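Student: To be precise about what I am sending: the file is called structure39.pdb and holds PDB, C-alpha atoms.
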ATOM      1  CA  MET A   1       0.000   0.000   0.000  1.00  0.00           C
ATOM      2  CA  ALA A   2       1.119   3.523  -0.734  1.00  0.00           C
ATOM      3  CA  SER A   3       0.254   6.934   0.605  1.00  0.00           C
ATOM      4  CA  PRO A   4      -0.596   9.918  -1.592  1.00  0.00           C
ATOM      5  CA  ALA A   5       2.722  11.489  -0.535  1.00  0.00           C
ATOM      6  CA  LYS A   6       4.709   8.436  -1.676  1.00  0.00           C
ATOM      7  CA  LEU A   7       3.091   8.566  -5.130  1.00  0.00           C
ATOM      8  CA  LEU A   8       3.614  12.290  -5.547  1.00  0.00           C
ATOM      9  CA  HIS A   9       7.231  12.303  -4.306  1.00  0.00           C
ATOM     10  CA  HIS A  10       8.233   9.713  -6.946  1.00  0.00           C
ATOM     11  CA  PRO A  11       5.543   9.742  -9.674  1.00  0.00           C
ATOM     12  CA  GLU A  12       7.954   8.358 -12.285  1.00  0.00           C
ATOM     13  CA  ARG A  13       8.277   5.127 -10.265  1.00  0.00           C
ATOM     14  CA  TYR A  14       4.531   4.500 -10.264  1.00  0.00           C
ATOM     15  CA  ASP A  15       3.547   5.774 -13.730  1.00  0.00           C
ATOM     16  CA  GLY A  16       1.479   3.083 -15.458  1.00  0.00           C
ATOM     17  CA  HIS A  17       1.627   0.725 -12.474  1.00  0.00           C
ATOM     18  CA  ARG A  18      -1.152  -0.745 -10.350  1.00  0.00           C
ATOM     19  CA  VAL A  19      -1.314   0.874  -6.924  1.00  0.00           C
ATOM     20  CA  ARG A  20      -3.288   0.551  -3.701  1.00  0.00           C
ATOM     21  CA  VAL A  21      -3.620   3.821  -1.812  1.00  0.00           C
ATOM     22  CA  VAL A  22      -5.013   4.406   1.665  1.00  0.00           C
ATOM     23  CA  GLY A  23      -6.379   7.763   2.745  1.00  0.00           C
ATOM     24  CA  THR A  24      -9.498   9.760   3.495  1.00  0.00           C
ATOM     25  CA  LEU A  25     -12.137  10.598   0.912  1.00  0.00           C
ATOM     26  CA  GLY A  26     -11.947  14.267  -0.004  1.00  0.00           C
ATOM     27  CA  PRO A  27     -14.264  16.298  -2.226  1.00  0.00           C
ATOM     28  CA  VAL A  28     -16.084  14.373  -4.978  1.00  0.00           C
ATOM     29  CA  LYS A  29     -16.755  16.039  -8.337  1.00  0.00           C
ATOM     30  CA  HIS A  30     -19.685  14.114  -9.791  1.00  0.00           C
ATOM     31  CA  ARG A  31     -19.671  15.766 -13.228  1.00  0.00           C
ATOM     32  CA  ARG A  32     -16.461  14.049 -14.363  1.00  0.00           C
ATOM     33  CA  CYS A  33     -16.379  11.490 -11.557  1.00  0.00           C
ATOM     34  CA  ARG A  34     -13.224  12.663  -9.822  1.00  0.00           C
ATOM     35  CA  PHE A  35     -12.378  12.596  -6.148  1.00  0.00           C
ATOM     36  CA  ALA A  36      -9.511  13.358  -3.821  1.00  0.00           C
ATOM     37  CA  ILE A  37      -7.623  10.860  -1.674  1.00  0.00           C
ATOM     38  CA  VAL A  38      -6.329  12.824   1.283  1.00  0.00           C
ATOM     39  CA  GLY A  39      -3.232  11.633   3.111  1.00  0.00           C
ATOM     40  CA  ARG A  40      -1.440  13.076   6.119  1.00  0.00           C
ATOM     41  CA  ARG A  41       0.688  15.451   4.058  1.00  0.00           C
ATOM     42  CA  MET A  42      -0.538  15.344   0.457  1.00  0.00           C
ATOM     43  CA  THR A  43      -3.593  14.689  -1.695  1.00  0.00           C
ATOM     44  CA  VAL A  44      -3.801  12.686  -4.913  1.00  0.00           C
ATOM     45  CA  SER A  45      -6.772  12.698  -7.291  1.00  0.00           C
ATOM     46  CA  ALA A  46      -8.645   9.764  -8.784  1.00  0.00           C
ATOM     47  CA  LEU A  47     -10.829   9.248 -11.836  1.00  0.00           C
ATOM     48  CA  CYS A  48     -13.699   6.796 -11.536  1.00  0.00           C
ATOM     49  CA  GLU A  49     -16.644   5.378 -13.447  1.00  0.00           C
ATOM     50  CA  THR A  50     -18.932   5.519 -10.419  1.00  0.00           C
ATOM     51  CA  PRO A  51     -18.519   7.910  -7.460  1.00  0.00           C
ATOM     52  CA  PRO A  52     -17.666   6.347  -4.083  1.00  0.00           C
ATOM     53  CA  THR A  53     -20.724   5.528  -1.987  1.00  0.00           C
ATOM     54  CA  CYS A  54     -19.175   6.814   1.223  1.00  0.00           C
ATOM     55  CA  GLY A  55     -19.156  10.407   2.370  1.00  0.00           C
ATOM     56  CA  GLU A  56     -16.363  12.931   2.512  1.00  0.00           C
ATOM     57  CA  GLY A  57     -14.071  12.304   5.469  1.00  0.00           C
ATOM     58  CA  THR A  58     -14.519   8.517   5.356  1.00  0.00           C
ATOM     59  CA  GLY A  59     -11.466   6.261   5.254  1.00  0.00           C
ATOM     60  CA  ILE A  60     -10.902   4.643   1.846  1.00  0.00           C
ATOM     61  CA  VAL A  61      -8.662   2.162   0.081  1.00  0.00           C
ATOM     62  CA  VAL A  62      -8.318   2.816  -3.659  1.00  0.00           C
ATOM     63  CA  ASP A  63      -7.038   0.272  -6.188  1.00  0.00           C
ATOM     64  CA  GLY A  64      -6.160   1.418  -9.677  1.00  0.00           C
ATOM     65  CA  VAL A  65      -3.450   2.474 -12.102  1.00  0.00           C
ATOM     66  CA  PHE A  66      -1.417   5.629 -11.430  1.00  0.00           C
ATOM     67  CA  HIS A  67      -0.704   7.923 -14.371  1.00  0.00           C
ATOM     68  CA  ARG A  68       1.484  11.017 -14.458  1.00  0.00           C
ATOM     69  CA  LEU A  69      -0.672  12.143 -17.415  1.00  0.00           C
ATOM     70  CA  VAL A  70      -4.023  10.720 -18.512  1.00  0.00           C
ATOM     71  CA  VAL A  71      -6.272  12.229 -21.189  1.00  0.00           C
ATOM     72  CA  VAL A  72     -10.009  11.576 -20.889  1.00  0.00           C
ATOM     73  CA  GLY A  73     -12.509  13.210 -23.218  1.00  0.00           C
ATOM     74  CA  GLY A  74      -9.955  15.780 -24.331  1.00  0.00           C
ATOM     75  CA  HIS A  75      -9.142  16.781 -20.732  1.00  0.00           C
ATOM     76  CA  ARG A  76      -5.617  16.328 -19.355  1.00  0.00           C
ATOM     77  CA  TYR A  77      -5.232  15.099 -15.796  1.00  0.00           C
ATOM     78  CA  TYR A  78      -1.852  14.974 -14.097  1.00  0.00           C
ATOM     79  CA  ASN A  79      -0.879  12.561 -11.304  1.00  0.00           C
ATOM     80  CA  HIS A  80      -4.200  10.729 -11.140  1.00  0.00           C
ATOM     81  CA  ILE A  81      -5.264   7.203 -10.290  1.00  0.00           C
ATOM     82  CA  VAL A  82      -7.720   5.557 -12.671  1.00  0.00           C
ATOM     83  CA  THR A  83      -9.685   3.450 -10.209  1.00  0.00           C
ATOM     84  CA  THR A  84     -10.578  -0.216 -10.505  1.00  0.00           C
ATOM     85  CA  ALA A  85     -12.041  -0.470  -6.968  1.00  0.00           C
ATOM     86  CA  VAL A  86     -12.791   1.814  -4.042  1.00  0.00           C
ATOM     87  CA  THR A  87     -13.304   0.347  -0.588  1.00  0.00           C
ATOM     88  CA  CYS A  88     -15.029   2.561   1.979  1.00  0.00           C
ATOM     89  CA  ILE A  89     -13.982   1.952   5.558  1.00  0.00           C
ATOM     90  CA  GLU A  90     -17.102   2.781   7.518  1.00  0.00           C
ATOM     91  CA  ALA A  91     -16.520   2.735  11.257  1.00  0.00           C
ATOM     92  CA  SER A  92     -19.978   1.391  12.065  1.00  0.00           C
ATOM     93  CA  GLU A  93     -20.711  -0.678   8.941  1.00  0.00           C
ATOM     94  CA  GLY A  94     -17.472  -2.551   8.239  1.00  0.00           C
ATOM     95  CA  VAL A  95     -16.115  -2.390   4.697  1.00  0.00           C
ATOM     96  CA  SER A  96     -18.038  -1.908   1.450  1.00  0.00           C
ATOM     97  CA  GLU A  97     -16.497  -2.195  -2.001  1.00  0.00           C
ATOM     98  CA  ARG A  98     -17.418  -0.412  -5.210  1.00  0.00           C
ATOM     99  CA  ARG A  99     -15.839  -1.325  -8.551  1.00  0.00           C
ATOM    100  CA  GLY A 100     -15.014   1.353 -11.136  1.00  0.00           C
TER
END
Once you've parsed the file, please lay out its structure as structure tokens.
Tutor:
Amino acid sequence: MASPAKLLHHPERYDGHRVRVVGTLGPVKHRRCRFAIVGRRMTVSALCETPPTCGEGTGIVVDGVFHRLVVVGGHRYYNHIVTTAVTCIEASEGVSERRG
């Protein structure tokens, strides 16, 4: 598992590789299905097919592929994770997983 800071300190090491990142769910932008993964010191962004079901401030584990540059629909995104799964860590409900 990696932290957002680890990815952003050495993005060339992770470019194009599968990653698992642990953090806290930050703001979700539903229009293009993007969200922030907040770590202790840094934040990395993620692109998804379906927004996470948990609320902002919830602990999350994100699986996906890290890209220094990804182009989606003519938009350029730098240092993003294209998600394959998002697991919400709900304190009272256990763990729920959402693919995409």
Student: Would you list the contacts of segment 35-51 of chain A as a ChimeraX atom specification, taking every protein, DNA or RNA residue within 9 Å and counting all atoms listed in the file, but skipping same-chain residues closer than 6 positions in sequence?
Tutor: /A:3-8,21-29,57,60-62,64,66,77-85,98-100
Student: Run through the PyMOL selection byres ((chain A and resi 89) around 6) on the given coordinates and return the selected residues as a list in words.
Tutor: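 Those residues are Gly59, Ile60, Cys88, Glu90 and Val95 of chain A.
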Student: For the atom pair atom CA of Arg68 of chain A and atom CA of Glu12 of chain A, what is the interatomic distance in Å to one decimal place?
Tutor: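 So the two atoms, atom CA of Arg68 of chain A and atom CA of Glu12 of chain A, lie 7.3 Å apart.
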Student: Pick the closest to Pro52 of chain A from A:Gly73, A:Asp15, A:Thr87, A:Ala2: which is it, counting only C-alpha atoms?
Tutor: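 Among A:Gly73, A:Asp15, A:Thr87, A:Ala2, it is A:Thr87 that comes nearest to Pro52 of chain A.
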Student: If the PyMOL selection byres ((chain A and resi 17) around 9) is run on the structure shown, which residues does it catch, given as a PyMOL selection string?
Tutor: chain A and resi 13-16+18-19+64-67
Student: Limited to C-alpha atoms, could you put the picked residues into a file as a PDB file, in the frame of the given file?
Tutor:
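Written file, selection_0.pdb:
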ATOM      1  CA  ARG A  13       8.277   5.127 -10.265  1.00  0.00           C
ATOM      2  CA  TYR A  14       4.531   4.500 -10.264  1.00  0.00           C
ATOM      3  CA  ASP A  15       3.547   5.774 -13.730  1.00  0.00           C
ATOM      4  CA  GLY A  16       1.479   3.083 -15.458  1.00  0.00           C
ATOM      5  CA  ARG A  18      -1.152  -0.745 -10.350  1.00  0.00           C
ATOM      6  CA  VAL A  19      -1.314   0.874  -6.924  1.00  0.00           C
ATOM      7  CA  GLY A  64      -6.160   1.418  -9.677  1.00  0.00           C
ATOM      8  CA  VAL A  65      -3.450   2.474 -12.102  1.00  0.00           C
ATOM      9  CA  PHE A  66      -1.417   5.629 -11.430  1.00  0.00           C
ATOM     10  CA  HIS A  67      -0.704   7.923 -14.371  1.00  0.00           C
TER      11      HIS A  67
END
Student: Kindly give the distance, in Å, that separates atom CA of Val86 of chain A and atom CA of His30 of chain A, rounded to a single decimal.
Tutor: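 The value is 15.2 Å.
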Student: Take atom CA of His10 of chain A and atom CA of Val71 of chain A and report the distance between them in Å, one decimal.
Tutor: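 Atom-to-atom, atom CA of His10 of chain A and atom CA of Val71 of chain A are spaced 20.5 Å apart.
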Student: With N, CA and C atoms as the goal, would you fill in the gaps in segment 62-91 of chain A and present it as an mmCIF file, in the frame of the given file?
Tutor:
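The file below, rebuild.cif, is the result:
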data_model
loop_
_atom_site.group_PDB
_atom_site.id
_atom_site.type_symbol
_atom_site.label_atom_id
_atom_site.label_comp_id
_atom_site.auth_asym_id
_atom_site.auth_seq_id
_atom_site.Cartn_x
_atom_site.Cartn_y
_atom_site.Cartn_z
ATOM 1 N N VAL A 62 -8.077 2.689 -2.224
ATOM 2 C CA VAL A 62 -8.318 2.816 -3.659
ATOM 3 C C VAL A 62 -7.328 1.938 -4.411
ATOM 4 N N ASP A 63 -7.853 1.077 -5.281
ATOM 5 C CA ASP A 63 -7.038 0.272 -6.188
ATOM 6 C C ASP A 63 -7.190 0.862 -7.577
ATOM 7 N N GLY A 64 -6.084 0.906 -8.321
ATOM 8 C CA GLY A 64 -6.160 1.418 -9.677
ATOM 9 C C GLY A 64 -4.783 1.525 -10.299
ATOM 10 N N VAL A 65 -4.702 2.266 -11.392
ATOM 11 C CA VAL A 65 -3.450 2.474 -12.102
ATOM 12 C C VAL A 65 -3.100 3.961 -12.013
ATOM 13 N N PHE A 66 -1.882 4.254 -11.568
ATOM 14 C CA PHE A 66 -1.417 5.629 -11.430
ATOM 15 C C PHE A 66 -0.852 6.102 -12.762
ATOM 16 N N HIS A 67 -1.213 7.319 -13.143
ATOM 17 C CA HIS A 67 -0.704 7.923 -14.371
ATOM 18 C C HIS A 67 -0.204 9.331 -14.082
ATOM 19 N N ARG A 68 0.984 9.638 -14.568
ATOM 20 C CA ARG A 68 1.484 11.017 -14.458
ATOM 21 C C ARG A 68 0.652 11.926 -15.355
ATOM 22 N N LEU A 69 0.203 11.407 -16.506
ATOM 23 C CA LEU A 69 -0.672 12.143 -17.415
ATOM 24 C C LEU A 69 -1.683 11.171 -17.990
ATOM 25 N N VAL A 70 -2.964 11.507 -17.878
ATOM 26 C CA VAL A 70 -4.023 10.720 -18.512
ATOM 27 C C VAL A 70 -4.954 11.716 -19.206
ATOM 28 N N VAL A 71 -5.361 11.381 -20.425
ATOM 29 C CA VAL A 71 -6.272 12.229 -21.189
ATOM 30 C C VAL A 71 -7.602 11.500 -21.316
ATOM 31 N N VAL A 72 -8.669 12.149 -20.844
ATOM 32 C CA VAL A 72 -10.009 11.576 -20.889
ATOM 33 C C VAL A 72 -10.945 12.630 -21.483
ATOM 34 N N GLY A 73 -11.567 12.279 -22.600
ATOM 35 C CA GLY A 73 -12.509 13.210 -23.218
ATOM 36 C C GLY A 73 -11.889 14.547 -23.570
ATOM 37 N N GLY A 74 -10.638 14.540 -23.965
ATOM 38 C CA GLY A 74 -9.955 15.780 -24.331
ATOM 39 C C GLY A 74 -9.418 16.575 -23.155
ATOM 40 N N HIS A 75 -9.637 16.104 -21.932
ATOM 41 C CA HIS A 75 -9.142 16.781 -20.732
ATOM 42 C C HIS A 75 -7.866 16.086 -20.250
ATOM 43 N N ARG A 76 -6.872 16.874 -19.879
ATOM 44 C CA ARG A 76 -5.617 16.328 -19.355
ATOM 45 C C ARG A 76 -5.655 16.355 -17.835
ATOM 46 N N TYR A 77 -5.305 15.214 -17.248
ATOM 47 C CA TYR A 77 -5.232 15.099 -15.796
ATOM 48 C C TYR A 77 -3.838 14.624 -15.436
ATOM 49 N N TYR A 78 -3.205 15.310 -14.509
ATOM 50 C CA TYR A 78 -1.852 14.974 -14.097
ATOM 51 C C TYR A 78 -1.875 14.302 -12.726
ATOM 52 N N ASN A 79 -1.031 13.273 -12.576
ATOM 53 C CA ASN A 79 -0.879 12.561 -11.304
ATOM 54 C C ASN A 79 -2.222 12.097 -10.745
ATOM 55 N N HIS A 80 -2.903 11.275 -11.513
ATOM 56 C CA HIS A 80 -4.200 10.729 -11.140
ATOM 57 C C HIS A 80 -4.150 9.212 -11.095
ATOM 58 N N ILE A 81 -5.052 8.652 -10.316
ATOM 59 C CA ILE A 81 -5.264 7.203 -10.290
ATOM 60 C C ILE A 81 -6.557 6.925 -11.043
ATOM 61 N N VAL A 82 -6.509 6.028 -12.015
ATOM 62 C CA VAL A 82 -7.720 5.557 -12.671
ATOM 63 C C VAL A 82 -8.157 4.336 -11.867
ATOM 64 N N THR A 83 -9.290 4.463 -11.189
ATOM 65 C CA THR A 83 -9.685 3.450 -10.209
ATOM 66 C C THR A 83 -10.230 2.178 -10.840
ATOM 67 N N THR A 84 -9.952 1.060 -10.178
ATOM 68 C CA THR A 84 -10.578 -0.216 -10.505
ATOM 69 C C THR A 84 -11.485 -0.651 -9.356
ATOM 70 N N ALA A 85 -11.197 -0.173 -8.133
ATOM 71 C CA ALA A 85 -12.041 -0.470 -6.968
ATOM 72 C C ALA A 85 -11.799 0.574 -5.890
ATOM 73 N N VAL A 86 -12.869 0.904 -5.188
ATOM 74 C CA VAL A 86 -12.791 1.814 -4.042
ATOM 75 C C VAL A 86 -13.469 1.119 -2.874
ATOM 76 N N THR A 87 -12.753 0.967 -1.782
ATOM 77 C CA THR A 87 -13.304 0.347 -0.588
ATOM 78 C C THR A 87 -13.482 1.422 0.478
ATOM 79 N N CYS A 88 -14.725 1.591 0.926
ATOM 80 C CA CYS A 88 -15.029 2.561 1.979
ATOM 81 C C CYS A 88 -14.876 1.871 3.324
ATOM 82 N N ILE A 89 -14.192 2.510 4.228
ATOM 83 C CA ILE A 89 -13.982 1.952 5.558
ATOM 84 C C ILE A 89 -14.900 2.697 6.517
ATOM 85 N N GLU A 90 -16.090 2.170 6.657
ATOM 86 C CA GLU A 90 -17.102 2.781 7.518
ATOM 87 C C GLU A 90 -16.915 2.260 8.939
ATOM 88 N N ALA A 91 -16.769 3.138 9.871
ATOM 89 C CA ALA A 91 -16.520 2.735 11.257
ATOM 90 C C ALA A 91 -17.634 1.844 11.806
#
